[in-house]
$ cat model.pdb   # PDB, N, CA and C atoms
ATOM      1  N   MET A   1     -73.289 -19.114  -8.361
ATOM      2  CA  MET A   1     -71.974 -18.717  -8.815
ATOM      3  C   MET A   1     -71.406 -17.720  -7.822
ATOM      4  N   SER A   2     -70.150 -17.850  -7.539
ATOM      5  CA  SER A   2     -69.519 -16.980  -6.554
ATOM      6  C   SER A   2     -69.295 -15.580  -7.122
ATOM      7  N   TYR A   3     -68.938 -14.676  -6.224
ATOM      8  CA  TYR A   3     -68.656 -13.298  -6.618
ATOM      9  C   TYR A   3     -67.527 -13.251  -7.635
ATOM     10  N   TYR A   4     -66.491 -14.065  -7.418
ATOM     11  CA  TYR A   4     -65.338 -14.061  -8.319
ATOM     12  C   TYR A   4     -65.711 -14.614  -9.687
ATOM     13  N   GLY A   5     -66.563 -15.621  -9.715
ATOM     14  CA  GLY A   5     -67.019 -16.167 -10.987
ATOM     15  C   GLY A   5     -67.833 -15.161 -11.772
ATOM     16  N   MET A   6     -68.699 -14.436 -11.087
ATOM     17  CA  MET A   6     -69.496 -13.405 -11.748
ATOM     18  C   MET A   6     -68.602 -12.278 -12.241
ATOM     19  N   ASN A   7     -67.582 -11.950 -11.460
ATOM     20  CA  ASN A   7     -66.653 -10.897 -11.839
ATOM     21  C   ASN A   7     -65.902 -11.288 -13.108
ATOM     22  N   ALA A   8     -65.471 -12.534 -13.195
ATOM     23  CA  ALA A   8     -64.755 -13.019 -14.375
ATOM     24  C   ALA A   8     -65.676 -13.019 -15.590
ATOM     25  N   LEU A   9     -66.925 -13.426 -15.414
ATOM     26  CA  LEU A   9     -67.882 -13.446 -16.508
ATOM     27  C   LEU A   9     -68.167 -12.030 -16.993
ATOM     28  N   ALA A  10     -68.324 -11.089 -16.064
ATOM     29  CA  ALA A  10     -68.551  -9.692 -16.431
ATOM     30  C   ALA A  10     -67.353  -9.144 -17.193
ATOM     31  N   SER A  11     -66.161  -9.533 -16.796
ATOM     32  CA  SER A  11     -64.947  -9.100 -17.487
ATOM     33  C   SER A  11     -64.912  -9.637 -18.910
ATOM     34  N   ASN A  12     -65.278 -10.911 -19.092
ATOM     35  CA  ASN A  12     -65.319 -11.498 -20.434
ATOM     36  C   ASN A  12     -66.344 -10.796 -21.310
ATOM     37  N   ILE A  13     -67.510 -10.502 -20.763
ATOM     38  CA  ILE A  13     -68.553  -9.823 -21.527
ATOM     39  C   ILE A  13     -68.075  -8.448 -21.947
ATOM     40  N   LYS A  14     -67.409  -7.740 -21.039
ATOM     41  CA  LYS A  14     -66.896  -6.409 -21.356
ATOM     42  C   LYS A  14     -65.858  -6.486 -22.470
ATOM     43  N   THR A  15     -64.967  -7.474 -22.419
ATOM     44  CA  THR A  15     -63.946  -7.635 -23.444
ATOM     45  C   THR A  15     -64.573  -7.933 -24.789
ATOM     46  N   VAL A  16     -65.540  -8.843 -24.816
ATOM     47  CA  VAL A  16     -66.193  -9.199 -26.069
ATOM     48  C   VAL A  16     -66.951  -8.004 -26.624
ATOM     49  N   THR A  17     -67.599  -7.239 -25.765
ATOM     50  CA  THR A  17     -68.347  -6.071 -26.200
ATOM     51  C   THR A  17     -67.400  -5.026 -26.777
ATOM     52  N   GLN A  18     -66.243  -4.828 -26.150
ATOM     53  CA  GLN A  18     -65.287  -3.850 -26.639
ATOM     54  C   GLN A  18     -64.727  -4.256 -27.996
ATOM     55  N   GLN A  19     -64.629  -5.531 -28.259
ATOM     56  CA  GLN A  19     -64.102  -5.999 -29.538
ATOM     57  C   GLN A  19     -65.175  -6.010 -30.625
ATOM     58  N   ASN A  20     -66.399  -5.660 -30.278
ATOM     59  CA  ASN A  20     -67.528  -5.629 -31.214
ATOM     60  C   ASN A  20     -67.737  -6.969 -31.901
ATOM     61  N   THR A  21     -67.600  -8.068 -31.179
ATOM     62  CA  THR A  21     -67.788  -9.383 -31.773
ATOM     63  C   THR A  21     -69.187  -9.934 -31.545
ATOM     64  N   ILE A  22     -70.015  -9.243 -30.792
ATOM     65  CA  ILE A  22     -71.379  -9.712 -30.576
ATOM     66  C   ILE A  22     -72.196  -9.378 -31.820
ATOM     67  N   PRO A  23     -72.732 -10.402 -32.473
ATOM     68  CA  PRO A  23     -73.477 -10.138 -33.705
ATOM     69  C   PRO A  23     -74.790  -9.431 -33.430
ATOM     70  N   LYS A  24     -75.188  -8.597 -34.355
ATOM     71  CA  LYS A  24     -76.466  -7.890 -34.267
ATOM     72  C   LYS A  24     -77.553  -8.799 -34.823
ATOM     73  N   ILE A  25     -78.686  -8.819 -34.130
ATOM     74  CA  ILE A  25     -79.806  -9.654 -34.563
ATOM     75  C   ILE A  25     -80.934  -8.755 -35.026
ATOM     76  N   ASN A  26     -81.373  -8.962 -36.241
ATOM     77  CA  ASN A  26     -82.488  -8.214 -36.803
ATOM     78  C   ASN A  26     -83.731  -9.090 -36.720
ATOM     79  N   PRO A  27     -84.666  -8.760 -35.814
ATOM     80  CA  PRO A  27     -85.853  -9.617 -35.663
ATOM     81  C   PRO A  27     -86.764  -9.614 -36.885
ATOM     82  N   LYS A  28     -86.576  -8.684 -37.804
ATOM     83  CA  LYS A  28     -87.404  -8.612 -39.006
ATOM     84  C   LYS A  28     -86.791  -9.399 -40.172
ATOM     85  N   ALA A  29     -85.680 -10.047 -39.961
ATOM     86  CA  ALA A  29     -84.986 -10.777 -41.028
ATOM     87  C   ALA A  29     -85.787 -11.997 -41.463
ATOM     88  N   GLU A  30     -85.472 -12.478 -42.659
ATOM     89  CA  GLU A  30     -86.095 -13.697 -43.169
ATOM     90  C   GLU A  30     -85.686 -14.869 -42.286
ATOM     91  N   ASP A  31     -86.393 -15.986 -42.389
ATOM     92  CA  ASP A  31     -86.150 -17.146 -41.526
ATOM     93  C   ASP A  31     -84.706 -17.651 -41.589
ATOM     94  N   ALA A  32     -84.160 -17.809 -42.779
ATOM     95  CA  ALA A  32     -82.791 -18.327 -42.901
ATOM     96  C   ALA A  32     -81.783 -17.336 -42.327
ATOM     97  N   ASP A  33     -81.996 -16.047 -42.579
ATOM     98  CA  ASP A  33     -81.093 -15.034 -42.039
ATOM     99  C   ASP A  33     -81.200 -14.965 -40.520
ATOM    100  N   LEU A  34     -82.418 -15.044 -40.006
ATOM    101  CA  LEU A  34     -82.626 -15.010 -38.557
ATOM    102  C   LEU A  34     -81.967 -16.212 -37.893
ATOM    103  N   ARG A  35     -82.070 -17.387 -38.514
ATOM    104  CA  ARG A  35     -81.438 -18.591 -37.974
ATOM    105  C   ARG A  35     -79.914 -18.424 -37.943
ATOM    106  N   ALA A  36     -79.343 -17.869 -38.999
ATOM    107  CA  ALA A  36     -77.889 -17.651 -39.047
ATOM    108  C   ALA A  36     -77.452 -16.648 -37.978
ATOM    109  N   GLN A  37     -78.248 -15.611 -37.761
ATOM    110  CA  GLN A  37     -77.914 -14.602 -36.760
ATOM    111  C   GLN A  37     -78.000 -15.170 -35.348
ATOM    112  N   THR A  38     -79.021 -15.960 -35.061
ATOM    113  CA  THR A  38     -79.143 -16.541 -33.726
ATOM    114  C   THR A  38     -78.068 -17.599 -33.486
ATOM    115  N   ASP A  39     -77.679 -18.339 -34.543
ATOM    116  CA  ASP A  39     -76.573 -19.293 -34.409
ATOM    117  C   ASP A  39     -75.262 -18.565 -34.121
ATOM    118  N   ALA A  40     -75.040 -17.430 -34.769
ATOM    119  CA  ALA A  40     -73.825 -16.642 -34.523
ATOM    120  C   ALA A  40     -73.809 -16.123 -33.093
ATOM    121  N   PHE A  41     -74.962 -15.721 -32.589
ATOM    122  CA  PHE A  41     -75.052 -15.238 -31.211
ATOM    123  C   PHE A  41     -74.757 -16.377 -30.233
ATOM    124  N   GLU A  42     -75.306 -17.558 -30.507
ATOM    125  CA  GLU A  42     -75.036 -18.716 -29.656
ATOM    126  C   GLU A  42     -73.553 -19.084 -29.688
ATOM    127  N   SER A  43     -72.912 -18.934 -30.831
ATOM    128  CA  SER A  43     -71.491 -19.208 -30.950
ATOM    129  C   SER A  43     -70.678 -18.310 -30.023
ATOM    130  N   VAL A  44     -71.055 -17.048 -29.931
ATOM    131  CA  VAL A  44     -70.358 -16.115 -29.025
ATOM    132  C   VAL A  44     -70.545 -16.536 -27.574
ATOM    133  N   ILE A  45     -71.739 -16.945 -27.213
ATOM    134  CA  ILE A  45     -72.009 -17.391 -25.835
ATOM    135  C   ILE A  45     -71.164 -18.621 -25.510
ATOM    136  N   ILE A  46     -71.129 -19.581 -26.416
ATOM    137  CA  ILE A  46     -70.355 -20.806 -26.201
ATOM    138  C   ILE A  46     -68.868 -20.487 -26.072
ATOM    139  N   LYS A  47     -68.359 -19.594 -26.923
ATOM    140  CA  LYS A  47     -66.942 -19.206 -26.874
ATOM    141  C   LYS A  47     -66.611 -18.561 -25.531
ATOM    142  N   MET A  48     -67.482 -17.700 -25.030
ATOM    143  CA  MET A  48     -67.254 -17.055 -23.737
ATOM    144  C   MET A  48     -67.216 -18.095 -22.617
ATOM    145  N   MET A  49     -68.127 -19.060 -22.657
ATOM    146  CA  MET A  49     -68.150 -20.099 -21.633
ATOM    147  C   MET A  49     -66.884 -20.950 -21.701
ATOM    148  N   MET A  50     -66.448 -21.306 -22.900
ATOM    149  CA  MET A  50     -65.249 -22.116 -23.048
ATOM    150  C   MET A  50     -64.000 -21.349 -22.608
ATOM    151  N   ASP A  51     -63.914 -20.066 -22.960
ATOM    152  CA  ASP A  51     -62.772 -19.253 -22.533
ATOM    153  C   ASP A  51     -62.705 -19.163 -21.018
ATOM    154  N   ASN A  52     -63.856 -18.978 -20.393
ATOM    155  CA  ASN A  52     -63.896 -18.880 -18.935
ATOM    156  C   ASN A  52     -63.528 -20.216 -18.277
ATOM    157  N   ALA A  53     -63.976 -21.301 -18.854
ATOM    158  CA  ALA A  53     -63.688 -22.618 -18.281
ATOM    159  C   ALA A  53     -62.223 -23.011 -18.449
ATOM    160  N   MET A  54     -61.587 -22.546 -19.504
ATOM    161  CA  MET A  54     -60.225 -22.967 -19.809
ATOM    162  C   MET A  54     -59.161 -21.964 -19.394
ATOM    163  N   LYS A  55     -59.523 -20.889 -18.720
ATOM    164  CA  LYS A  55     -58.544 -19.837 -18.430
ATOM    165  C   LYS A  55     -57.442 -20.295 -17.474
ATOM    166  N   ASP A  56     -57.703 -21.235 -16.594
ATOM    167  CA  ASP A  56     -56.707 -21.714 -15.647
ATOM    168  C   ASP A  56     -56.138 -23.069 -16.038
ATOM    169  N   GLU A  57     -56.267 -23.417 -17.313
ATOM    170  CA  GLU A  57     -55.808 -24.718 -17.797
ATOM    171  C   GLU A  57     -54.287 -24.826 -17.670
ATOM    172  N   LYS A  58     -53.842 -25.934 -17.169
ATOM    173  CA  LYS A  58     -52.411 -26.205 -17.014
ATOM    174  C   LYS A  58     -51.991 -27.225 -18.078
ATOM    175  N   ASN A  59     -50.776 -27.102 -18.558
ATOM    176  CA  ASN A  59     -50.249 -28.066 -19.506
ATOM    177  C   ASN A  59     -49.720 -29.257 -18.722
ATOM    178  N   LEU A  60     -50.344 -30.407 -18.881
ATOM    179  CA  LEU A  60     -49.996 -31.594 -18.097
ATOM    180  C   LEU A  60     -48.747 -32.306 -18.602
ATOM    181  N   PHE A  61     -48.365 -32.069 -19.846
ATOM    182  CA  PHE A  61     -47.293 -32.848 -20.443
ATOM    183  C   PHE A  61     -45.945 -32.141 -20.456
ATOM    184  N   SER A  62     -45.919 -30.843 -20.298
ATOM    185  CA  SER A  62     -44.658 -30.111 -20.386
ATOM    186  C   SER A  62     -44.740 -28.821 -19.581
ATOM    187  N   ASP A  63     -43.597 -28.408 -19.033
ATOM    188  CA  ASP A  63     -43.536 -27.143 -18.314
ATOM    189  C   ASP A  63     -43.134 -25.995 -19.240
ATOM    190  N   GLN A  64     -42.752 -26.302 -20.464
ATOM    191  CA  GLN A  64     -42.325 -25.271 -21.402
ATOM    192  C   GLN A  64     -43.525 -24.491 -21.916
ATOM    193  N   LYS A  65     -43.299 -23.214 -22.129
ATOM    194  CA  LYS A  65     -44.353 -22.349 -22.650
ATOM    195  C   LYS A  65     -44.134 -22.137 -24.145
ATOM    196  N   ASP A  66     -45.099 -22.500 -24.916
ATOM    197  CA  ASP A  66     -45.059 -22.246 -26.350
ATOM    198  C   ASP A  66     -45.553 -20.826 -26.586
ATOM    199  N   PRO A  67     -44.818 -19.995 -27.330
ATOM    200  CA  PRO A  67     -45.224 -18.597 -27.488
ATOM    201  C   PRO A  67     -46.600 -18.439 -28.137
ATOM    202  N   GLY A  68     -46.998 -19.346 -29.005
ATOM    203  CA  GLY A  68     -48.285 -19.222 -29.672
ATOM    204  C   GLY A  68     -49.373 -20.072 -29.059
ATOM    205  N   ASP A  69     -49.107 -20.657 -27.923
ATOM    206  CA  ASP A  69     -50.039 -21.595 -27.296
ATOM    207  C   ASP A  69     -51.410 -20.967 -27.043
ATOM    208  N   LYS A  70     -51.424 -19.780 -26.464
ATOM    209  CA  LYS A  70     -52.706 -19.127 -26.160
ATOM    210  C   LYS A  70     -53.463 -18.789 -27.433
ATOM    211  N   ILE A  71     -52.760 -18.363 -28.450
ATOM    212  CA  ILE A  71     -53.406 -18.006 -29.713
ATOM    213  C   ILE A  71     -54.021 -19.244 -30.363
ATOM    214  N   TYR A  72     -53.250 -20.334 -30.426
ATOM    215  CA  TYR A  72     -53.764 -21.560 -31.033
ATOM    216  C   TYR A  72     -54.982 -22.087 -30.281
ATOM    217  N   LYS A  73     -54.906 -22.067 -28.964
ATOM    218  CA  LYS A  73     -56.037 -22.565 -28.171
ATOM    219  C   LYS A  73     -57.263 -21.671 -28.336
ATOM    220  N   SER A  74     -57.054 -20.366 -28.414
ATOM    221  CA  SER A  74     -58.169 -19.446 -28.626
ATOM    222  C   SER A  74     -58.802 -19.672 -29.998
ATOM    223  N   MET A  75     -57.967 -19.852 -31.017
ATOM    224  CA  MET A  75     -58.486 -20.127 -32.361
ATOM    225  C   MET A  75     -59.250 -21.450 -32.392
ATOM    226  N   TYR A  76     -58.741 -22.453 -31.688
ATOM    227  CA  TYR A  76     -59.406 -23.756 -31.627
ATOM    228  C   TYR A  76     -60.782 -23.624 -30.968
ATOM    229  N   ARG A  77     -60.834 -22.908 -29.840
ATOM    230  CA  ARG A  77     -62.116 -22.729 -29.150
ATOM    231  C   ARG A  77     -63.090 -21.914 -30.003
ATOM    232  N   ASP A  78     -62.571 -20.950 -30.753
ATOM    233  CA  ASP A  78     -63.421 -20.148 -31.626
ATOM    234  C   ASP A  78     -64.058 -21.021 -32.706
ATOM    235  N   GLU A  79     -63.257 -21.848 -33.351
ATOM    236  CA  GLU A  79     -63.788 -22.737 -34.389
ATOM    237  C   GLU A  79     -64.722 -23.799 -33.805
ATOM    238  N   LEU A  80     -64.386 -24.294 -32.634
ATOM    239  CA  LEU A  80     -65.240 -25.280 -31.976
ATOM    240  C   LEU A  80     -66.602 -24.676 -31.621
ATOM    241  N   SER A  81     -66.590 -23.440 -31.154
ATOM    242  CA  SER A  81     -67.857 -22.789 -30.809
ATOM    243  C   SER A  81     -68.695 -22.518 -32.055
ATOM    244  N   LYS A  82     -68.043 -22.165 -33.164
ATOM    245  CA  LYS A  82     -68.787 -21.951 -34.412
ATOM    246  C   LYS A  82     -69.383 -23.257 -34.924
ATOM    247  N   ALA A  83     -68.624 -24.340 -34.807
ATOM    248  CA  ALA A  83     -69.095 -25.638 -35.288
ATOM    249  C   ALA A  83     -70.255 -26.178 -34.455
ATOM    250  N   SER A  84     -70.272 -25.852 -33.164
ATOM    251  CA  SER A  84     -71.321 -26.383 -32.294
ATOM    252  C   SER A  84     -72.485 -25.417 -32.113
ATOM    253  N   ALA A  85     -72.429 -24.258 -32.742
ATOM    254  CA  ALA A  85     -73.537 -23.296 -32.646
ATOM    255  C   ALA A  85     -74.797 -23.897 -33.257
ATOM    256  N   GLY A  86     -75.888 -23.699 -32.578
ATOM    257  CA  GLY A  86     -77.160 -24.233 -33.039
ATOM    258  C   GLY A  86     -77.523 -25.547 -32.388
ATOM    259  N   SER A  87     -76.627 -26.102 -31.602
ATOM    260  CA  SER A  87     -76.909 -27.401 -31.006
ATOM    261  C   SER A  87     -77.085 -27.357 -29.492
ATOM    262  N   PHE A  88     -76.936 -26.189 -28.881
ATOM    263  CA  PHE A  88     -77.062 -26.087 -27.426
ATOM    264  C   PHE A  88     -78.445 -25.625 -26.978
ATOM    265  N   GLY A  89     -79.221 -25.056 -27.873
ATOM    266  CA  GLY A  89     -80.580 -24.662 -27.535
ATOM    267  C   GLY A  89     -80.791 -23.174 -27.368
ATOM    268  N   PHE A  90     -79.723 -22.407 -27.128
ATOM    269  CA  PHE A  90     -79.881 -20.953 -26.990
ATOM    270  C   PHE A  90     -80.400 -20.355 -28.293
ATOM    271  N   SER A  91     -79.826 -20.807 -29.391
ATOM    272  CA  SER A  91     -80.201 -20.301 -30.703
ATOM    273  C   SER A  91     -81.670 -20.596 -31.003
ATOM    274  N   GLN A  92     -82.107 -21.814 -30.696
ATOM    275  CA  GLN A  92     -83.496 -22.199 -30.970
ATOM    276  C   GLN A  92     -84.473 -21.375 -30.134
ATOM    277  N   MET A  93     -84.153 -21.182 -28.853
ATOM    278  CA  MET A  93     -85.042 -20.376 -28.003
ATOM    279  C   MET A  93     -85.126 -18.949 -28.508
ATOM    280  N   LEU A  94     -83.992 -18.361 -28.869
ATOM    281  CA  LEU A  94     -83.979 -16.994 -29.370
ATOM    282  C   LEU A  94     -84.693 -16.898 -30.709
ATOM    283  N   TYR A  95     -84.489 -17.879 -31.573
ATOM    284  CA  TYR A  95     -85.166 -17.903 -32.863
ATOM    285  C   TYR A  95     -86.682 -17.983 -32.694
ATOM    286  N   ASP A  96     -87.142 -18.879 -31.812
ATOM    287  CA  ASP A  96     -88.579 -19.011 -31.564
ATOM    288  C   ASP A  96     -89.173 -17.714 -31.039
ATOM    289  N   TYR A  97     -88.468 -17.088 -30.114
ATOM    290  CA  TYR A  97     -88.960 -15.838 -29.519
ATOM    291  C   TYR A  97     -89.034 -14.736 -30.579
ATOM    292  N   LEU A  98     -87.981 -14.568 -31.364
ATOM    293  CA  LEU A  98     -87.947 -13.485 -32.345
ATOM    294  C   LEU A  98     -88.873 -13.742 -33.519
ATOM    295  N   SER A  99     -89.074 -14.986 -33.902
ATOM    296  CA  SER A  99     -89.963 -15.275 -35.034
ATOM    297  C   SER A  99     -91.426 -15.077 -34.640
ATOM    298  N   GLN A 100     -91.764 -15.196 -33.364
ATOM    299  CA  GLN A 100     -93.128 -14.914 -32.904
ATOM    300  C   GLN A 100     -93.395 -13.421 -32.850
ATOM    301  N   LYS A 101     -92.364 -12.628 -32.577
ATOM    302  CA  LYS A 101     -92.517 -11.182 -32.432
ATOM    303  C   LYS A 101     -92.685 -10.477 -33.770
ATOM    304  N   SER A 102     -92.167 -11.061 -34.848
ATOM    305  CA  SER A 102     -92.218 -10.351 -36.130
ATOM    306  C   SER A 102     -93.511 -10.597 -36.876
TER     307      SER A 102
END

$ encode --input "model.pdb" --output "structure tokens"
Amino acid sequence: MSYYGMNALASNIKTVTQQNTIPKINPKAEDADLRAQTDAFESVIIKMMMDNAMKDEKNLFSDQKDPGDKIYKSMYRDELSKASAGSFGFSQMLYDYLSQKS
């Protein structure tokens, strides 16, 4: 990854951290709670990746700017990341690691 890509990723992490949206994981939690916490963490990772990938997206069909376009797209990516959490493997790896430690 280039310097600029790392810089953009660091900026996204800083923004997410400032908004306090990174879920806290309690390694002593019960299995179902731990699974929900690791899925929530994976959702944040997926959302950050999608935001970074779509930041330079151009509208191919119109030159007009919709005032709520960024908000709608952000909400869509947020829901998409929540729906796909648990299926990318980050959650499973973190769950396996934390369940062995407790």

$ atom_distance --input "model.pdb" --atom1 "CA of Ala40 (chain A)" --atom2 "CA of Gly68 (chain A)"
26.1 Å

$ closest_residue --input "model.pdb" --among "A:Lys65, A:Tyr95, A:Ser81, A:Glu30" --to "Met48 (chain A)" --atoms "only N, CA and C atoms"
A:Ser81

$ atom_distance --input "model.pdb" --atom1 "atom C of Arg77 (chain A)" --atom2 "CA of Lys47 (chain A)"
5.7 Å

$ atom_distance --input "model.pdb" --atom1 "atom C of Phe88 (chain A)" --atom2 "CA of Gln100 (chain A)"
19.1 Å

$ residues_around --input "model.pdb" --residues "Arg35 (chain A)" --least-positions-apart "3" --cutoff "8 Å" --atoms "only C-alpha atoms" --output "ChimeraX atom specification"
/A:31-32,38-39,91,95

$ write_last_selection --input "model.pdb" --atoms "N, CA and C atoms" --output "PDB file, in the coordinates of the input"
ATOM      1  N   ASP A  31     -86.393 -15.986 -42.389  1.00  0.00           N
ATOM      2  CA  ASP A  31     -86.150 -17.146 -41.526  1.00  0.00           C
ATOM      3  C   ASP A  31     -84.706 -17.651 -41.589  1.00  0.00           C
ATOM      4  N   ALA A  32     -84.160 -17.809 -42.779  1.00  0.00           N
ATOM      5  CA  ALA A  32     -82.791 -18.327 -42.901  1.00  0.00           C
ATOM      6  C   ALA A  32     -81.783 -17.336 -42.327  1.00  0.00           C
ATOM      7  N   THR A  38     -79.021 -15.960 -35.061  1.00  0.00           N
ATOM      8  CA  THR A  38     -79.143 -16.541 -33.726  1.00  0.00           C
ATOM      9  C   THR A  38     -78.068 -17.599 -33.486  1.00  0.00           C
ATOM     10  N   ASP A  39     -77.679 -18.339 -34.543  1.00  0.00           N
ATOM     11  CA  ASP A  39     -76.573 -19.293 -34.409  1.00  0.00           C
ATOM     12  C   ASP A  39     -75.262 -18.565 -34.121  1.00  0.00           C
ATOM     13  N   SER A  91     -79.826 -20.807 -29.391  1.00  0.00           N
ATOM     14  CA  SER A  91     -80.201 -20.301 -30.703  1.00  0.00           C
ATOM     15  C   SER A  91     -81.670 -20.596 -31.003  1.00  0.00           C
ATOM     16  N   TYR A  95     -84.489 -17.879 -31.573  1.00  0.00           N
ATOM     17  CA  TYR A  95     -85.166 -17.903 -32.863  1.00  0.00           C
ATOM     18  C   TYR A  95     -86.682 -17.983 -32.694  1.00  0.00           C
TER      19      TYR A  95
END

$ decode --input "model.pdb" --residues "region 28-57 of chain A" --atoms "C-alpha atoms" --output "mmCIF file, in the first residue's frame"
data_model
loop_
_atom_site.group_PDB
_atom_site.id
_atom_site.type_symbol
_atom_site.label_atom_id
_atom_site.label_comp_id
_atom_site.auth_asym_id
_atom_site.auth_seq_id
_atom_site.Cartn_x
_atom_site.Cartn_y
_atom_site.Cartn_z
ATOM 1 C CA LYS A 28 -14.637 -12.741 29.583
ATOM 2 C CA ALA A 29 -18.122 -12.495 28.027
ATOM 3 C CA GLU A 30 -20.342 -15.498 27.402
ATOM 4 C CA ASP A 31 -20.084 -17.177 23.979
ATOM 5 C CA ALA A 32 -23.141 -15.486 22.443
ATOM 6 C CA ASP A 33 -22.127 -12.071 23.775
ATOM 7 C CA LEU A 34 -18.538 -12.540 22.603
ATOM 8 C CA ARG A 35 -19.767 -13.534 19.129
ATOM 9 C CA ALA A 36 -21.969 -10.411 18.949
ATOM 10 C CA GLN A 37 -19.068 -8.200 20.057
ATOM 11 C CA THR A 38 -16.630 -9.649 17.522
ATOM 12 C CA ASP A 39 -19.269 -9.339 14.766
ATOM 13 C CA ALA A 40 -19.751 -5.666 15.699
ATOM 14 C CA PHE A 41 -15.991 -5.136 15.526
ATOM 15 C CA GLU A 42 -15.848 -6.795 12.100
ATOM 16 C CA SER A 43 -18.698 -4.543 10.963
ATOM 17 C CA VAL A 44 -16.612 -1.467 11.821
ATOM 18 C CA ILE A 45 -13.635 -2.837 9.874
ATOM 19 C CA ILE A 46 -15.809 -3.566 6.828
ATOM 20 C CA LYS A 47 -17.402 -0.087 6.991
ATOM 21 C CA MET A 48 -13.960 1.559 7.100
ATOM 22 C CA MET A 49 -12.804 -0.456 4.083
ATOM 23 C CA MET A 50 -15.959 0.384 2.126
ATOM 24 C CA ASP A 51 -15.728 4.096 3.000
ATOM 25 C CA ASN A 52 -12.116 4.176 1.863
ATOM 26 C CA ALA A 53 -12.891 2.331 -1.368
ATOM 27 C CA MET A 54 -15.851 4.550 -2.243
ATOM 28 C CA LYS A 55 -14.454 7.968 -1.295
ATOM 29 C CA ASP A 56 -13.603 8.927 -4.900
ATOM 30 C CA GLU A 57 -16.774 7.462 -6.400
#
